[in-house]
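Novice: After the structure tokens below, expect a handful of questions from me.
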Amino acid sequence: MTAGELDPVGPEILDGHLYDYPAYYDLIFGSDCAAETAFFEDCFRQMAQRPVERIFEPACGTGRLLYRLARRGYSVAGNDLNPHAVAYCNARFERAGWDPPAVLGDMSDFRLRRKADAAFNTINSFRHLDNEKAARNHLGCVAAALARGGLYLLGLHLTPTRGPRDMGESWTARRGHLGIVSNLKSISIDRRRRVEKFEMSFDVYTPTRHRRIEGILEYRTYTLEQIRRSVESVPSLEWVDTFDFAYDISQPVVVDNLTEDVVLVLRKR
Ligand SMILES: C[S@@+](CC[C@H](N)C(=O)[O-])C[C@H]1O[C@@H](n2cnc3c(N)ncnc32)[C@H](O)[C@@H]1O
């Protein structure tokens, strides 16, 4: 069966959260890695005030980005709350003959033994932190983990206070006989409680089966003013520039109340 064929019976529903299926997650989100890592390296060269050799990723998931950075010669480490993702990440490094870089851990409560020259957290992982204390703790932990002049690249969607907002996205990916169609749809937003709910599904196709993993993702919302206040709560982080998910260093963006996707470049003072 392929993604384009009709399925008269309907898919078999798999248990668990999307993040419990790292191989599928990685296939879907692996495609953008080259643009992201090239952008990171541009930022390291142009905005870090120190050479970047050691990199940390809070909420590293499957390690899709850490792995590519390790192949480019960086020393990398990360943490994540999901044991399946951590195991997947470490197994991938071990297959390459490298030390496992990921530990089970909370991005709002961690310490590094050796400071990093750069850290990053893209595609909204930060928005999993569901309250201001956790968000500020996270930024504080990152600041403490960075050496002076080091960078933190933080990517998230803001909630515009005017104009339309993004309601969802769909991606497809294929490897051999495995095809995946992923859908993410915003189903509600509560601006007062700062919660946006998304329906997310992976439809997984092999020649003989159609399976689906579905679930609800809850993300905390941030307006421009709200993210500004969170960042300013950690005085040792300076907001030096802003880009968007086009990951183009030659195109910094001016953030206003209509802006949605942003990558903040924060530097440790
Ligand atoms: C959208 S995925 C991104 C994974 C990876 N950063 C990437 O770019 O592919 C979000 C990840 O955040 C992790 N996560 C959520 N809350 C967390 C927390 N408090 N501490 C650490 N990881 C967390 C999830 O387990 C998941 O792997």
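Chain labels follow the order of the structure tokens: the first chain is A, the next B, and so on; residue numbering restarts at 1 in every chain, and ligands are counted from 1 in their shown order.
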Give one line per residue of chain A that approaches ligand 1 to at most 10 Å, naming the two atoms of the closest pair and their distance in Å to one decimal, counting only C-alpha atoms and all ligand atoms; sort by chain then ascending residue number and deliver it as a Markdown table.
Specialist:
| residue | atom | partner | partner_atom_place_in_ligand_line | distance |
| --- | --- | --- | --- | --- |
| A:His17 | CA | ligand 1 | 25 (O) | 9.6 |
| A:Leu18 | CA | ligand 1 | 26 (C) | 9.1 |
| A:Tyr19 | CA | ligand 1 | 27 (O) | 5.9 |
| A:Asp20 | CA | ligand 1 | 25 (O) | 8.3 |
| A:Pro22 | CA | ligand 1 | 27 (O) | 8.4 |
| A:Tyr25 | CA | ligand 1 | 9 (O) | 7.9 |
| A:Asp26 | CA | ligand 1 | 9 (O) | 7.2 |
| A:Ile28 | CA | ligand 1 | 9 (O) | 9.6 |
| A:Phe29 | CA | ligand 1 | 9 (O) | 6.4 |
| A:Gly30 | CA | ligand 1 | 9 (O) | 7.6 |
| A:Asp32 | CA | ligand 1 | 8 (O) | 9.6 |
| A:Cys33 | CA | ligand 1 | 8 (O) | 8.6 |
| A:Glu36 | CA | ligand 1 | 8 (O) | 9.4 |
| A:Glu57 | CA | ligand 1 | 6 (N) | 7.0 |
| A:Pro58 | CA | ligand 1 | 21 (C) | 6.1 |
| A:Ala59 | CA | ligand 1 | 22 (N) | 3.7 |
| A:Cys60 | CA | ligand 1 | 6 (N) | 4.0 |
| A:Gly61 | CA | ligand 1 | 27 (O) | 3.5 |
| A:Thr62 | CA | ligand 1 | 9 (O) | 6.2 |
| A:Gly63 | CA | ligand 1 | 5 (C) | 6.5 |
| A:Arg64 | CA | ligand 1 | 9 (O) | 5.8 |
| A:Leu65 | CA | ligand 1 | 8 (O) | 6.6 |
| A:Leu66 | CA | ligand 1 | 5 (C) | 9.0 |
| A:Gly78 | CA | ligand 1 | 6 (N) | 9.1 |
| A:Asn79 | CA | ligand 1 | 21 (C) | 6.0 |
| A:Asp80 | CA | ligand 1 | 22 (N) | 3.7 |
| A:Leu81 | CA | ligand 1 | 22 (N) | 4.2 |
| A:Asn82 | CA | ligand 1 | 25 (O) | 4.3 |
| A:Pro83 | CA | ligand 1 | 25 (O) | 8.0 |
| A:His84 | CA | ligand 1 | 25 (O) | 8.6 |
| A:Ala85 | CA | ligand 1 | 27 (O) | 6.1 |
| A:Val86 | CA | ligand 1 | 27 (O) | 8.2 |
| A:Val103 | CA | ligand 1 | 21 (C) | 9.6 |
| A:Leu104 | CA | ligand 1 | 21 (C) | 7.7 |
| A:Gly105 | CA | ligand 1 | 21 (C) | 5.7 |
| A:Asp106 | CA | ligand 1 | 20 (N) | 3.5 |
| A:Met107 | CA | ligand 1 | 20 (N) | 3.8 |
| A:Ser108 | CA | ligand 1 | 19 (N) | 6.0 |
| A:Asp109 | CA | ligand 1 | 20 (N) | 8.0 |
| A:Phe110 | CA | ligand 1 | 20 (N) | 9.1 |
| A:Phe120 | CA | ligand 1 | 6 (N) | 8.3 |
| A:Asn121 | CA | ligand 1 | 6 (N) | 5.8 |
| A:Thr122 | CA | ligand 1 | 8 (O) | 5.6 |
| A:Ile123 | CA | ligand 1 | 1 (C) | 5.8 |
| A:Asn124 | CA | ligand 1 | 1 (C) | 6.2 |
| A:Ser125 | CA | ligand 1 | 10 (C) | 4.4 |
| A:Phe126 | CA | ligand 1 | 12 (O) | 7.4 |
| A:Arg127 | CA | ligand 1 | 16 (N) | 8.3 |
| A:His128 | CA | ligand 1 | 16 (N) | 5.1 |
| A:Leu129 | CA | ligand 1 | 19 (N) | 5.9 |
| A:Asp130 | CA | ligand 1 | 19 (N) | 8.8 |
| A:Ala134 | CA | ligand 1 | 19 (N) | 8.2 |
| A:Ala135 | CA | ligand 1 | 19 (N) | 9.4 |
| A:His138 | CA | ligand 1 | 19 (N) | 8.7 |
| A:Gly155 | CA | ligand 1 | 8 (O) | 9.5 |
| A:Leu217 | CA | ligand 1 | 1 (C) | 9.8 |
| A:Tyr219 | CA | ligand 1 | 15 (C) | 9.9 |
Novice: Could you find all residues in segment 27-241 of chain A that DSSP calls alpha helix (DSSP H) from the backbone, and write them as a PyMOL selection string?
Specialist: chain A and resi 27-29+33-47+64-71+83-95+132-145+224-232
Novice: Measuring between only C-alpha atoms, which one of A:Lys185, A:Leu264, A:Ala23, A:Arg165 shows the shortest distance to Arg92 of chain A?
Specialist: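 Once distances to Arg92 of chain A are computed over only C-alpha atoms, the minimum belongs to A:Ala23.
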Novice: Name the residues in contact with Ser250 of chain A at a cut-off of 10 Å, using only C-alpha atoms, excluding same-chain residues fewer than 5 positions from it; report them as a ChimeraX atom specification.
Specialist: /A:39,42,243
Novice: What parts of segment 154-236 of chain A does DSSP call strand (DSSP E)? I'd like the answer as a ChimeraX atom specification.
Specialist: /A:154-157,168-175,178-190,195-205,210-220
Novice: Could you check which of A:Leu178, A:Ile55, A:Leu69, A:Leu237 is closest to Arg211 of chain A, using only C-alpha atoms?
Specialist: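 Smallest separation from Arg211 of chain A among the options: A:Leu178.
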Novice: Which of these, A:Leu184, A:Ala102, A:Ala35, A:Met47, has the shortest distance to Leu266 of chain A once you count only C-alpha atoms?
Specialist: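 The shortest atom-to-atom distance to Leu266 of chain A comes from A:Met47.
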Novice: Counting only C-alpha atoms, which residue out of A:Asp241, A:Asp15, A:Glu53, A:Glu41 sits closest to Val254 of chain A?
Specialist: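 That would be A:Asp241, the residue with the smallest distance to Val254 of chain A.
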Novice: Could you jot down the atom CA of Thr159 of chain A to atom CA of Val181 of chain A separation for me, Å, one decimal place?
Specialist: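 About the pair atom CA of Thr159 of chain A and atom CA of Val181 of chain A: they are 25.7 Å apart.
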Novice: Could you check how far atom CA of Thr223 of chain A sits from atom CA of Gln49 of chain A, in Å to one decimal?
Specialist: 28.9 Å
Novice: When distances are computed from only C-alpha atoms, which of A:Pro164, A:Pro101, A:Gly16, A:Gly176 shows the smallest separation from Ser201 of chain A?
Specialist: A:Gly16
